Number of protein chains: 2
Amino acid sequence: MPTVIRTARERAREELTREIKQEARRQLAEEGAQRLSLRAVARELGMASSALYRYFPSRDELLTALIVDAYNALGERAEHAVATAPANDDRARWRALCHSVRAWAVAHPHEYALLYGTPVPGYAAPADTVAPASRVSLAIISVLRGAADRIEPAAAARPLEGVFAEQVAALGAEVAPELTPVVVSRALVAWTQLFGMIGFELFGHLVGTVEPADGFFAHTVDTMADFLGLPDGS
Amino acid sequence: MPTVIRTARERAREELTREIKQEARRQLAEEGAQRLSLRAVARELGMASSALYRYFPSRDELLTALIVDAYNALGERAEHAVATAPANDDRARWRALCHSVRAWAVAHPHEYALLYGTPVPGYAAPADTVAPASRVSLAIISVLRGAADRIEPAAAARPLEGVFAEQVAALGAEVAPELTPVVVSRALVAWTQLFGMIGFELFGHLVGTVEPADGFFAHTVDTMADFLGLPDGS
DNA sequence: GCTCTGTCAAGAGCAGTGCTCTCGAAACAG
DNA sequence: CTGTTTCGAGAGCACTGCTCTTGACAGAGC
């Protein structure tokens, strides 16, 4: 069974799988995740609803596929932003990362909601989603690791205490040994700050205050760069 | 038509309305917002599903009622936390506020998701929700206003620029004239940080890193107090 | 007291959902 | 050319939100 030369069945199957996901993504953007209807997808594709079950054993499996694809798209975008930013300008890399995440979120609000919004009740994300889901966090870490020896030790650093100190130490040991615990803890703060802002913008909580949020976002990203101790550009 | 002495009809109607919301809230906690079923509520209450439409003209109206109730419950909790904290300890008031919001969110995760999670597609929040929704933000502002003349002017304050400077100025003029624009901008950062953390905790994005999140949350709340320039306790 | 009117719950029914099963046709492997 | 696997279609089940009609009942005016 060669992998390059595939049988007609395999080709058709792969193509239809892609078309189903594409149409599902289209409906996601139009109706939202919870209104994603297998029957509507089938109708739009001109096939019987029951035929879809040959490709995705359940609606949840289809959702999982969309989630994994979305995490990968976002992760790829973030990694690309970091990779193409000036290598010697830590702050520019940080900015590029944050703005790329926001840009993807604004361009794909419903997919963002699928990832970072209310979890679907009764739906447990399978293990396959863990790796794609952590790509953005790892991109943040990679920026900080690249800047590790240039990060200014925070003067008035609040000491880490108790369980949190242990959690940060364990996390740092696993993922970024060259970063001090304080920097790791600040990365956590910046991480939740980033997605907190984006979520508030997308879910309409900034309406009437700082909407459009470009200025607020840019300002806060820079403030977080200060907070993280990233030096100014070369 | 007196308001104190009500007719039997009015009494029954009011009581049933309350029972419907209560049962709906119970199902919300069990199944999540999108699985809230009018028929199931009716079944549990021993009445016909069609009868529910005498009380709430649509499922969305019922959702709106739940949303308003939830915003008010959360707002009340936050306001109460601020009011009962030591009046002369700004930092304690800030801590009490943040922890009360998190405590409510953890105790009512599905109602929190209803407020701050993915918005229901095709559902536009009516104007009645705006006032209850802003109670927490106003509680934050009230803490800062109470501390206005004790807030240490941030040394390395990043200057506000362009549209964002105008937005912050307008917001400050409307809601907190005694606060400097820098403090208002920092309040916005702390606001999104607070809900970003809580959202990540509730929606499972902290699993495997800093979960349980008590330490992370407490640490970040204190860090934000530093960031806001709140002085230490009396 | 007794109608008359407006309110109420119930039932049937519509269009839609996720999902399962069976059946016949097509594509593959030998 | 056979036997097996794969696939799409259709019927059907138990649901959903919602509408419309029907019949019962409470309250107000006479």
# chains A, B, ... in the order shown; residues from 1 in each chain; ligands from 1
>>> residues_around(residues="DC2 in chain C", least_positions_apart="2", cutoff="12 Å", atoms="only C-alpha atoms (C1' of nucleotides)", output="list of chain:residue names")
C:DC4, D:DA28, D:DG29, D:DC30
>>> closest_atom_pairs(of="chain C", to="chain A", cutoff="12 Å", atoms="only C-alpha atoms (C1' of nucleotides)", output="CSV")
residue,atom,partner,partner_atom,distance
C:DG16,C1',A:Arg39,CA,9.4
C:DT17,C1',A:Ser37,CA,7.5
C:DG18,C1',A:Arg59,CA,7.7
C:DC19,C1',A:Ser58,CA,8.1
C:DT20,C1',A:Ser50,CA,9.0
C:DC21,C1',A:Ser50,CA,10.4
C:DA26,C1',A:Arg9,CA,10.6
C:DA27,C1',A:Arg9,CA,7.3
C:DC28,C1',A:Arg9,CA,8.5
C:DA29,C1',A:Met1,CA,11.3
>>> residues_around(residues="DG30 in chain C", least_positions_apart="6", cutoff="12 Å", atoms="only C-alpha atoms (C1' of nucleotides)", output="MDAnalysis selection string")
chainID D and resid 1:4
>>> calpha_fit_and_write(fixed="chain B", moving="chain A", output="PDB file with C-alpha atoms, in the first residue's frame")
ATOM      1  CA  MET A   1     -54.246  48.116  41.304  1.00  0.00           C
ATOM      2  CA  PRO A   2     -52.275  48.099  44.556  1.00  0.00           C
ATOM      3  CA  THR A   3     -48.740  46.831  44.536  1.00  0.00           C
ATOM      4  CA  VAL A   4     -48.618  45.405  48.042  1.00  0.00           C
ATOM      5  CA  ILE A   5     -51.795  43.401  48.124  1.00  0.00           C
ATOM      6  CA  ARG A   6     -51.584  41.476  44.894  1.00  0.00           C
ATOM      7  CA  THR A   7     -54.094  39.295  43.243  1.00  0.00           C
ATOM      8  CA  ALA A   8     -53.645  35.528  43.314  1.00  0.00           C
ATOM      9  CA  ARG A   9     -52.780  35.542  39.634  1.00  0.00           C
ATOM     10  CA  GLU A  10     -49.977  38.018  40.123  1.00  0.00           C
ATOM     11  CA  ARG A  11     -48.585  36.064  43.034  1.00  0.00           C
ATOM     12  CA  ALA A  12     -48.656  32.819  41.118  1.00  0.00           C
ATOM     13  CA  ARG A  13     -47.071  34.442  38.119  1.00  0.00           C
ATOM     14  CA  GLU A  14     -44.230  35.913  40.115  1.00  0.00           C
ATOM     15  CA  GLU A  15     -43.576  32.667  41.891  1.00  0.00           C
ATOM     16  CA  LEU A  16     -43.603  30.602  38.725  1.00  0.00           C
ATOM     17  CA  THR A  17     -41.300  33.088  37.012  1.00  0.00           C
ATOM     18  CA  ARG A  18     -38.860  32.642  39.876  1.00  0.00           C
ATOM     19  CA  GLU A  19     -39.161  28.851  39.753  1.00  0.00           C
ATOM     20  CA  ILE A  20     -38.549  28.787  36.023  1.00  0.00           C
ATOM     21  CA  LYS A  21     -35.385  30.841  36.367  1.00  0.00           C
ATOM     22  CA  GLN A  22     -34.240  28.695  39.259  1.00  0.00           C
ATOM     23  CA  GLU A  23     -34.716  25.471  37.339  1.00  0.00           C
ATOM     24  CA  ALA A  24     -33.086  27.003  34.267  1.00  0.00           C
ATOM     25  CA  ARG A  25     -30.107  27.989  36.407  1.00  0.00           C
ATOM     26  CA  ARG A  26     -29.917  24.450  37.720  1.00  0.00           C
ATOM     27  CA  GLN A  27     -29.849  23.058  34.204  1.00  0.00           C
ATOM     28  CA  LEU A  28     -27.287  25.682  33.230  1.00  0.00           C
ATOM     29  CA  ALA A  29     -24.973  24.322  35.898  1.00  0.00           C
ATOM     30  CA  GLU A  30     -25.554  20.772  34.745  1.00  0.00           C
ATOM     31  CA  GLU A  31     -25.586  21.020  30.985  1.00  0.00           C
ATOM     32  CA  GLY A  32     -24.191  24.386  30.015  1.00  0.00           C
ATOM     33  CA  ALA A  33     -25.829  27.351  28.404  1.00  0.00           C
ATOM     34  CA  GLN A  34     -26.236  26.012  24.909  1.00  0.00           C
ATOM     35  CA  ARG A  35     -27.977  22.883  26.104  1.00  0.00           C
ATOM     36  CA  LEU A  36     -30.485  24.811  28.129  1.00  0.00           C
ATOM     37  CA  SER A  37     -33.777  23.353  26.946  1.00  0.00           C
ATOM     38  CA  LEU A  38     -37.141  24.986  27.474  1.00  0.00           C
ATOM     39  CA  ARG A  39     -38.834  21.633  27.164  1.00  0.00           C
ATOM     40  CA  ALA A  40     -36.621  20.136  29.838  1.00  0.00           C
ATOM     41  CA  VAL A  41     -37.348  23.031  32.164  1.00  0.00           C
ATOM     42  CA  ALA A  42     -41.061  22.603  31.567  1.00  0.00           C
ATOM     43  CA  ARG A  43     -40.812  18.852  32.069  1.00  0.00           C
ATOM     44  CA  GLU A  44     -39.005  19.284  35.360  1.00  0.00           C
ATOM     45  CA  LEU A  45     -41.608  21.772  36.517  1.00  0.00           C
ATOM     46  CA  GLY A  46     -44.439  19.479  35.446  1.00  0.00           C
ATOM     47  CA  MET A  47     -45.978  21.807  32.931  1.00  0.00           C
ATOM     48  CA  ALA A  48     -46.402  21.901  29.189  1.00  0.00           C
ATOM     49  CA  SER A  49     -43.546  23.427  27.221  1.00  0.00           C
ATOM     50  CA  SER A  50     -45.914  25.808  25.549  1.00  0.00           C
ATOM     51  CA  ALA A  51     -46.935  27.236  28.891  1.00  0.00           C
ATOM     52  CA  LEU A  52     -43.445  28.592  29.431  1.00  0.00           C
ATOM     53  CA  TYR A  53     -44.010  31.039  26.615  1.00  0.00           C
ATOM     54  CA  ARG A  54     -46.529  32.824  28.794  1.00  0.00           C
ATOM     55  CA  TYR A  55     -43.615  33.784  31.018  1.00  0.00           C
ATOM     56  CA  PHE A  56     -40.707  34.191  28.641  1.00  0.00           C
ATOM     57  CA  PRO A  57     -41.550  35.000  25.028  1.00  0.00           C
ATOM     58  CA  SER A  58     -38.467  33.147  23.812  1.00  0.00           C
ATOM     59  CA  ARG A  59     -35.484  31.167  24.932  1.00  0.00           C
ATOM     60  CA  ASP A  60     -33.354  34.246  24.426  1.00  0.00           C
ATOM     61  CA  GLU A  61     -35.518  36.254  26.810  1.00  0.00           C
ATOM     62  CA  LEU A  62     -35.031  33.598  29.444  1.00  0.00           C
ATOM     63  CA  LEU A  63     -31.308  33.741  28.811  1.00  0.00           C
ATOM     64  CA  THR A  64     -31.367  37.512  29.154  1.00  0.00           C
ATOM     65  CA  ALA A  65     -33.098  37.219  32.507  1.00  0.00           C
ATOM     66  CA  LEU A  66     -30.466  34.761  33.676  1.00  0.00           C
ATOM     67  CA  ILE A  67     -27.687  37.016  32.413  1.00  0.00           C
ATOM     68  CA  VAL A  68     -29.054  40.069  34.202  1.00  0.00           C
ATOM     69  CA  ASP A  69     -29.499  38.088  37.412  1.00  0.00           C
ATOM     70  CA  ALA A  70     -25.950  36.756  37.150  1.00  0.00           C
ATOM     71  CA  TYR A  71     -24.419  40.165  36.478  1.00  0.00           C
ATOM     72  CA  ASN A  72     -26.277  41.523  39.476  1.00  0.00           C
ATOM     73  CA  ALA A  73     -25.221  38.649  41.715  1.00  0.00           C
ATOM     74  CA  LEU A  74     -21.592  39.087  40.732  1.00  0.00           C
ATOM     75  CA  GLY A  75     -21.779  42.874  40.998  1.00  0.00           C
ATOM     76  CA  GLU A  76     -23.406  42.703  44.395  1.00  0.00           C
ATOM     77  CA  ARG A  77     -20.764  40.315  45.643  1.00  0.00           C
ATOM     78  CA  ALA A  78     -17.973  42.549  44.380  1.00  0.00           C
ATOM     79  CA  GLU A  79     -19.507  45.707  45.832  1.00  0.00           C
ATOM     80  CA  HIS A  80     -20.061  43.971  49.143  1.00  0.00           C
ATOM     81  CA  ALA A  81     -16.449  42.803  49.231  1.00  0.00           C
ATOM     82  CA  VAL A  82     -15.208  46.330  48.686  1.00  0.00           C
ATOM     83  CA  ALA A  83     -17.628  47.757  51.238  1.00  0.00           C
ATOM     84  CA  THR A  84     -16.685  45.334  54.007  1.00  0.00           C
ATOM     85  CA  ALA A  85     -12.928  45.517  53.493  1.00  0.00           C
ATOM     86  CA  PRO A  86     -10.983  47.886  55.766  1.00  0.00           C
ATOM     87  CA  ALA A  87     -11.752  51.352  54.484  1.00  0.00           C
ATOM     88  CA  ASN A  88      -8.266  52.636  55.143  1.00  0.00           C
ATOM     89  CA  ASP A  89      -6.421  49.804  53.419  1.00  0.00           C
ATOM     90  CA  ASP A  90      -6.564  50.317  49.671  1.00  0.00           C
ATOM     91  CA  ARG A  91      -4.654  47.179  48.931  1.00  0.00           C
ATOM     92  CA  ALA A  92      -6.944  45.064  51.088  1.00  0.00           C
ATOM     93  CA  ARG A  93      -9.936  46.501  49.254  1.00  0.00           C
ATOM     94  CA  TRP A  94      -8.371  45.632  45.920  1.00  0.00           C
ATOM     95  CA  ARG A  95      -7.580  42.102  47.064  1.00  0.00           C
ATOM     96  CA  ALA A  96     -11.057  41.602  48.473  1.00  0.00           C
ATOM     97  CA  LEU A  97     -12.577  42.758  45.204  1.00  0.00           C
ATOM     98  CA  CYS A  98     -10.503  40.463  43.012  1.00  0.00           C
ATOM     99  CA  HIS A  99     -10.900  37.433  45.221  1.00  0.00           C
ATOM    100  CA  SER A 100     -14.640  37.944  45.506  1.00  0.00           C
ATOM    101  CA  VAL A 101     -14.987  38.000  41.726  1.00  0.00           C
ATOM    102  CA  ARG A 102     -12.946  34.833  41.408  1.00  0.00           C
ATOM    103  CA  ALA A 103     -14.854  33.141  44.232  1.00  0.00           C
ATOM    104  CA  TRP A 104     -18.170  33.856  42.553  1.00  0.00           C
ATOM    105  CA  ALA A 105     -16.825  32.654  39.212  1.00  0.00           C
ATOM    106  CA  VAL A 106     -15.546  29.395  40.692  1.00  0.00           C
ATOM    107  CA  ALA A 107     -18.826  28.858  42.534  1.00  0.00           C
ATOM    108  CA  HIS A 108     -20.929  29.577  39.425  1.00  0.00           C
ATOM    109  CA  PRO A 109     -18.769  28.568  36.477  1.00  0.00           C
ATOM    110  CA  HIS A 110     -21.598  28.182  33.999  1.00  0.00           C
ATOM    111  CA  GLU A 111     -23.117  31.500  34.870  1.00  0.00           C
ATOM    112  CA  TYR A 112     -19.678  33.062  34.566  1.00  0.00           C
ATOM    113  CA  ALA A 113     -19.347  31.476  31.147  1.00  0.00           C
ATOM    114  CA  LEU A 114     -22.704  32.941  30.254  1.00  0.00           C
ATOM    115  CA  LEU A 115     -21.400  36.413  31.061  1.00  0.00           C
ATOM    116  CA  TYR A 116     -17.781  36.306  29.946  1.00  0.00           C
ATOM    117  CA  GLY A 117     -17.535  33.282  27.666  1.00  0.00           C
ATOM    118  CA  THR A 118     -18.415  32.899  24.036  1.00  0.00           C
ATOM    119  CA  PRO A 119     -21.399  35.079  23.203  1.00  0.00           C
ATOM    120  CA  VAL A 120     -24.408  33.161  21.942  1.00  0.00           C
ATOM    121  CA  PRO A 121     -24.487  33.648  18.175  1.00  0.00           C
ATOM    122  CA  GLY A 122     -27.451  35.611  16.970  1.00  0.00           C
ATOM    123  CA  TYR A 123     -28.080  36.858  20.474  1.00  0.00           C
ATOM    124  CA  ALA A 124     -27.607  40.570  21.043  1.00  0.00           C
ATOM    125  CA  ALA A 125     -27.549  41.617  24.668  1.00  0.00           C
ATOM    126  CA  PRO A 126     -30.356  44.127  25.217  1.00  0.00           C
ATOM    127  CA  ALA A 127     -29.740  47.479  26.867  1.00  0.00           C
ATOM    128  CA  ASP A 128     -30.988  46.237  30.249  1.00  0.00           C
ATOM    129  CA  THR A 129     -27.806  44.224  30.652  1.00  0.00           C
ATOM    130  CA  VAL A 130     -25.441  47.157  30.343  1.00  0.00           C
ATOM    131  CA  ALA A 131     -25.906  48.605  33.815  1.00  0.00           C
ATOM    132  CA  PRO A 132     -25.624  45.290  35.701  1.00  0.00           C
ATOM    133  CA  ALA A 133     -22.666  44.340  33.517  1.00  0.00           C
ATOM    134  CA  SER A 134     -20.666  47.384  34.506  1.00  0.00           C
ATOM    135  CA  ARG A 135     -20.981  46.962  38.254  1.00  0.00           C
ATOM    136  CA  VAL A 136     -17.682  45.114  38.637  1.00  0.00           C
ATOM    137  CA  SER A 137     -15.825  47.654  36.535  1.00  0.00           C
ATOM    138  CA  LEU A 138     -17.323  50.434  38.636  1.00  0.00           C
ATOM    139  CA  ALA A 139     -16.259  48.597  41.776  1.00  0.00           C
ATOM    140  CA  ILE A 140     -12.690  48.592  40.480  1.00  0.00           C
ATOM    141  CA  ILE A 141     -12.977  52.297  39.757  1.00  0.00           C
ATOM    142  CA  SER A 142     -14.396  52.936  43.202  1.00  0.00           C
ATOM    143  CA  VAL A 143     -11.391  51.293  44.855  1.00  0.00           C
ATOM    144  CA  LEU A 144      -9.041  53.433  42.807  1.00  0.00           C
ATOM    145  CA  ARG A 145     -11.049  56.600  43.412  1.00  0.00           C
ATOM    146  CA  GLY A 146     -10.944  55.932  47.125  1.00  0.00           C
ATOM    147  CA  ALA A 147      -7.178  55.656  46.911  1.00  0.00           C
ATOM    148  CA  ALA A 148      -6.740  58.461  44.405  1.00  0.00           C
ATOM    149  CA  ASP A 149      -4.517  60.749  46.456  1.00  0.00           C
ATOM    150  CA  ARG A 150      -2.477  57.893  47.860  1.00  0.00           C
ATOM    151  CA  ILE A 151      -1.658  56.269  44.528  1.00  0.00           C
ATOM    152  CA  GLU A 152       2.044  56.581  43.912  1.00  0.00           C
ATOM    153  CA  PRO A 153       2.677  58.172  40.530  1.00  0.00           C
ATOM    154  CA  ALA A 154       4.193  55.397  38.476  1.00  0.00           C
ATOM    155  CA  ALA A 155       7.842  56.210  37.936  1.00  0.00           C
ATOM    156  CA  ALA A 156       8.429  54.607  34.572  1.00  0.00           C
ATOM    157  CA  ALA A 157       4.943  55.266  33.251  1.00  0.00           C
ATOM    158  CA  ARG A 158       4.664  54.592  29.571  1.00  0.00           C
ATOM    159  CA  PRO A 159       3.123  57.661  27.897  1.00  0.00           C
ATOM    160  CA  LEU A 160      -0.326  57.294  26.356  1.00  0.00           C
ATOM    161  CA  GLU A 161      -0.455  57.919  22.657  1.00  0.00           C
ATOM    162  CA  GLY A 162      -2.874  58.725  19.880  1.00  0.00           C
ATOM    163  CA  VAL A 163      -6.387  57.361  19.898  1.00  0.00           C
ATOM    164  CA  PHE A 164      -5.797  55.427  23.094  1.00  0.00           C
ATOM    165  CA  ALA A 165      -4.905  58.624  24.963  1.00  0.00           C
ATOM    166  CA  GLU A 166      -8.190  60.150  23.838  1.00  0.00           C
ATOM    167  CA  GLN A 167     -10.190  57.064  24.772  1.00  0.00           C
ATOM    168  CA  VAL A 168      -8.621  56.964  28.218  1.00  0.00           C
ATOM    169  CA  ALA A 169      -9.202  60.690  28.717  1.00  0.00           C
ATOM    170  CA  ALA A 170     -12.852  60.375  27.717  1.00  0.00           C
ATOM    171  CA  LEU A 171     -13.341  57.331  29.915  1.00  0.00           C
ATOM    172  CA  GLY A 172     -11.650  59.000  32.867  1.00  0.00           C
ATOM    173  CA  ALA A 173     -13.640  62.178  32.480  1.00  0.00           C
ATOM    174  CA  GLU A 174     -16.849  60.222  32.474  1.00  0.00           C
ATOM    175  CA  VAL A 175     -16.245  57.852  35.313  1.00  0.00           C
ATOM    176  CA  ALA A 176     -13.295  58.938  37.458  1.00  0.00           C
ATOM    177  CA  PRO A 177     -12.246  62.579  37.074  1.00  0.00           C
ATOM    178  CA  GLU A 178      -9.896  62.431  40.050  1.00  0.00           C
ATOM    179  CA  LEU A 179      -7.737  59.706  38.496  1.00  0.00           C
ATOM    180  CA  THR A 180      -4.857  60.469  36.184  1.00  0.00           C
ATOM    181  CA  PRO A 181      -5.003  59.013  32.651  1.00  0.00           C
ATOM    182  CA  VAL A 182      -2.107  56.711  33.452  1.00  0.00           C
ATOM    183  CA  VAL A 183      -4.003  55.223  36.371  1.00  0.00           C
ATOM    184  CA  VAL A 184      -7.111  54.793  34.232  1.00  0.00           C
ATOM    185  CA  SER A 185      -5.097  53.008  31.568  1.00  0.00           C
ATOM    186  CA  ARG A 186      -3.604  50.741  34.206  1.00  0.00           C
ATOM    187  CA  ALA A 187      -7.043  50.010  35.567  1.00  0.00           C
ATOM    188  CA  LEU A 188      -7.989  48.782  32.110  1.00  0.00           C
ATOM    189  CA  VAL A 189      -4.971  46.504  32.084  1.00  0.00           C
ATOM    190  CA  ALA A 190      -5.750  45.142  35.537  1.00  0.00           C
ATOM    191  CA  TRP A 191      -9.395  44.691  34.577  1.00  0.00           C
ATOM    192  CA  THR A 192      -8.618  42.533  31.554  1.00  0.00           C
ATOM    193  CA  GLN A 193      -5.901  40.737  33.510  1.00  0.00           C
ATOM    194  CA  LEU A 194      -8.353  39.805  36.242  1.00  0.00           C
ATOM    195  CA  PHE A 195     -10.901  38.304  33.897  1.00  0.00           C
ATOM    196  CA  GLY A 196      -8.230  36.791  31.701  1.00  0.00           C
ATOM    197  CA  MET A 197      -6.912  34.783  34.620  1.00  0.00           C
ATOM    198  CA  ILE A 198     -10.332  33.704  35.810  1.00  0.00           C
ATOM    199  CA  GLY A 199     -11.367  32.708  32.322  1.00  0.00           C
ATOM    200  CA  PHE A 200      -8.228  30.668  31.780  1.00  0.00           C
ATOM    201  CA  GLU A 201      -8.725  28.930  35.107  1.00  0.00           C
ATOM    202  CA  LEU A 202     -12.379  28.122  34.495  1.00  0.00           C
ATOM    203  CA  PHE A 203     -11.958  27.093  30.880  1.00  0.00           C
ATOM    204  CA  GLY A 204      -9.139  24.705  31.636  1.00  0.00           C
ATOM    205  CA  HIS A 205      -6.147  26.471  30.130  1.00  0.00           C
ATOM    206  CA  LEU A 206      -4.147  26.345  33.343  1.00  0.00           C
ATOM    207  CA  VAL A 207      -4.372  22.571  33.709  1.00  0.00           C
ATOM    208  CA  GLY A 208      -0.899  21.142  33.993  1.00  0.00           C
ATOM    209  CA  THR A 209       0.822  24.422  34.753  1.00  0.00           C
ATOM    210  CA  VAL A 210      -0.354  26.450  37.748  1.00  0.00           C
ATOM    211  CA  GLU A 211      -3.474  24.521  38.676  1.00  0.00           C
ATOM    212  CA  PRO A 212      -4.735  24.846  41.400  1.00  0.00           C
ATOM    213  CA  ALA A 213      -4.522  28.517  40.636  1.00  0.00           C
ATOM    214  CA  ASP A 214      -4.920  30.004  44.121  1.00  0.00           C
ATOM    215  CA  GLY A 215      -1.251  30.876  44.413  1.00  0.00           C
ATOM    216  CA  PHE A 216      -1.001  32.246  40.914  1.00  0.00           C
ATOM    217  CA  PHE A 217      -4.127  34.302  41.383  1.00  0.00           C
ATOM    218  CA  ALA A 218      -3.108  35.752  44.732  1.00  0.00           C
ATOM    219  CA  HIS A 219       0.366  36.564  43.466  1.00  0.00           C
ATOM    220  CA  THR A 220      -0.925  38.265  40.347  1.00  0.00           C
ATOM    221  CA  VAL A 221      -3.520  40.258  42.261  1.00  0.00           C
ATOM    222  CA  ASP A 222      -0.752  41.619  44.452  1.00  0.00           C
ATOM    223  CA  THR A 223       1.436  42.278  41.445  1.00  0.00           C
ATOM    224  CA  MET A 224      -1.406  44.234  39.885  1.00  0.00           C
ATOM    225  CA  ALA A 225      -1.784  46.208  43.096  1.00  0.00           C
ATOM    226  CA  ASP A 226       1.878  47.188  42.726  1.00  0.00           C
ATOM    227  CA  PHE A 227       1.264  47.995  39.086  1.00  0.00           C
ATOM    228  CA  LEU A 228      -1.698  50.182  39.975  1.00  0.00           C
ATOM    229  CA  GLY A 229       0.413  52.021  42.533  1.00  0.00           C
ATOM    230  CA  LEU A 230      -1.755  51.101  45.494  1.00  0.00           C
ATOM    231  CA  PRO A 231       0.037  51.777  48.786  1.00  0.00           C
ATOM    232  CA  ASP A 232       0.504  49.065  51.369  1.00  0.00           C
ATOM    233  CA  GLY A 233      -2.030  48.676  54.148  1.00  0.00           C
ATOM    234  CA  SER A 234      -2.315  51.261  56.878  1.00  0.00           C
TER     235      SER A 234
END
>>> residues_around(residues="DA12 in chain C", least_positions_apart="3", cutoff="12 Å", atoms="only C-alpha atoms (C1' of nucleotides)", output="list in words")
Ser50 of chain B; DT19, DC20, DT21 and DT22 of chain D
>>> select_by_dssp(residues="range 87-232 of chain B", states="alpha helix (DSSP H)", output="VMD selection string")
chain B and resid 90 to 107 109 to 116 130 to 133 135 to 146 162 to 175 181 to 202 214 to 228
>>> residues_around(residues="DA15 in chain C", least_positions_apart="5", cutoff="12 Å", atoms="only C-alpha atoms (C1' of nucleotides)", output="CSV table (one decimal) with N, CA and C atoms (P, O5', C5', C4', C3', O3' and C1' of nucleotides), in the first residue's frame")
chain,number,residue,atom,x,y,z
D,16,DT,P,-35.8,17.7,24.7
D,16,DT,O5',-35.5,18.9,23.7
D,16,DT,C5',-34.2,19.3,23.4
D,16,DT,C4',-34.1,20.2,22.3
D,16,DT,C3',-35.1,21.4,22.4
D,16,DT,O3',-34.5,22.4,23.1
D,16,DT,C1',-35.2,20.4,20.2
D,17,DG,P,-35.4,23.5,23.8
D,17,DG,O5',-35.8,24.5,22.6
D,17,DG,C5',-34.8,25.2,21.9
D,17,DG,C4',-35.4,26.0,20.8
D,17,DG,C3',-36.4,27.1,21.3
D,17,DG,O3',-36.3,28.3,20.6
D,17,DG,C1',-37.5,25.6,19.9
D,18,DC,P,-37.1,29.6,21.1
D,18,DC,O5',-38.5,29.4,20.3
D,18,DC,C5',-38.4,29.2,18.8
D,18,DC,C4',-39.8,28.9,18.3
D,18,DC,C3',-40.9,29.7,18.9
D,18,DC,O3',-41.4,30.6,17.8
D,18,DC,C1',-41.5,27.4,18.6
D,19,DT,P,-42.6,31.6,18.1
D,19,DT,O5',-43.9,30.8,17.4
D,19,DT,C5',-43.7,30.3,16.1
D,19,DT,C4',-45.1,29.7,15.7
D,19,DT,C3',-46.3,30.5,16.0
D,19,DT,O3',-47.2,30.5,14.9
D,19,DT,C1',-46.5,28.3,16.9
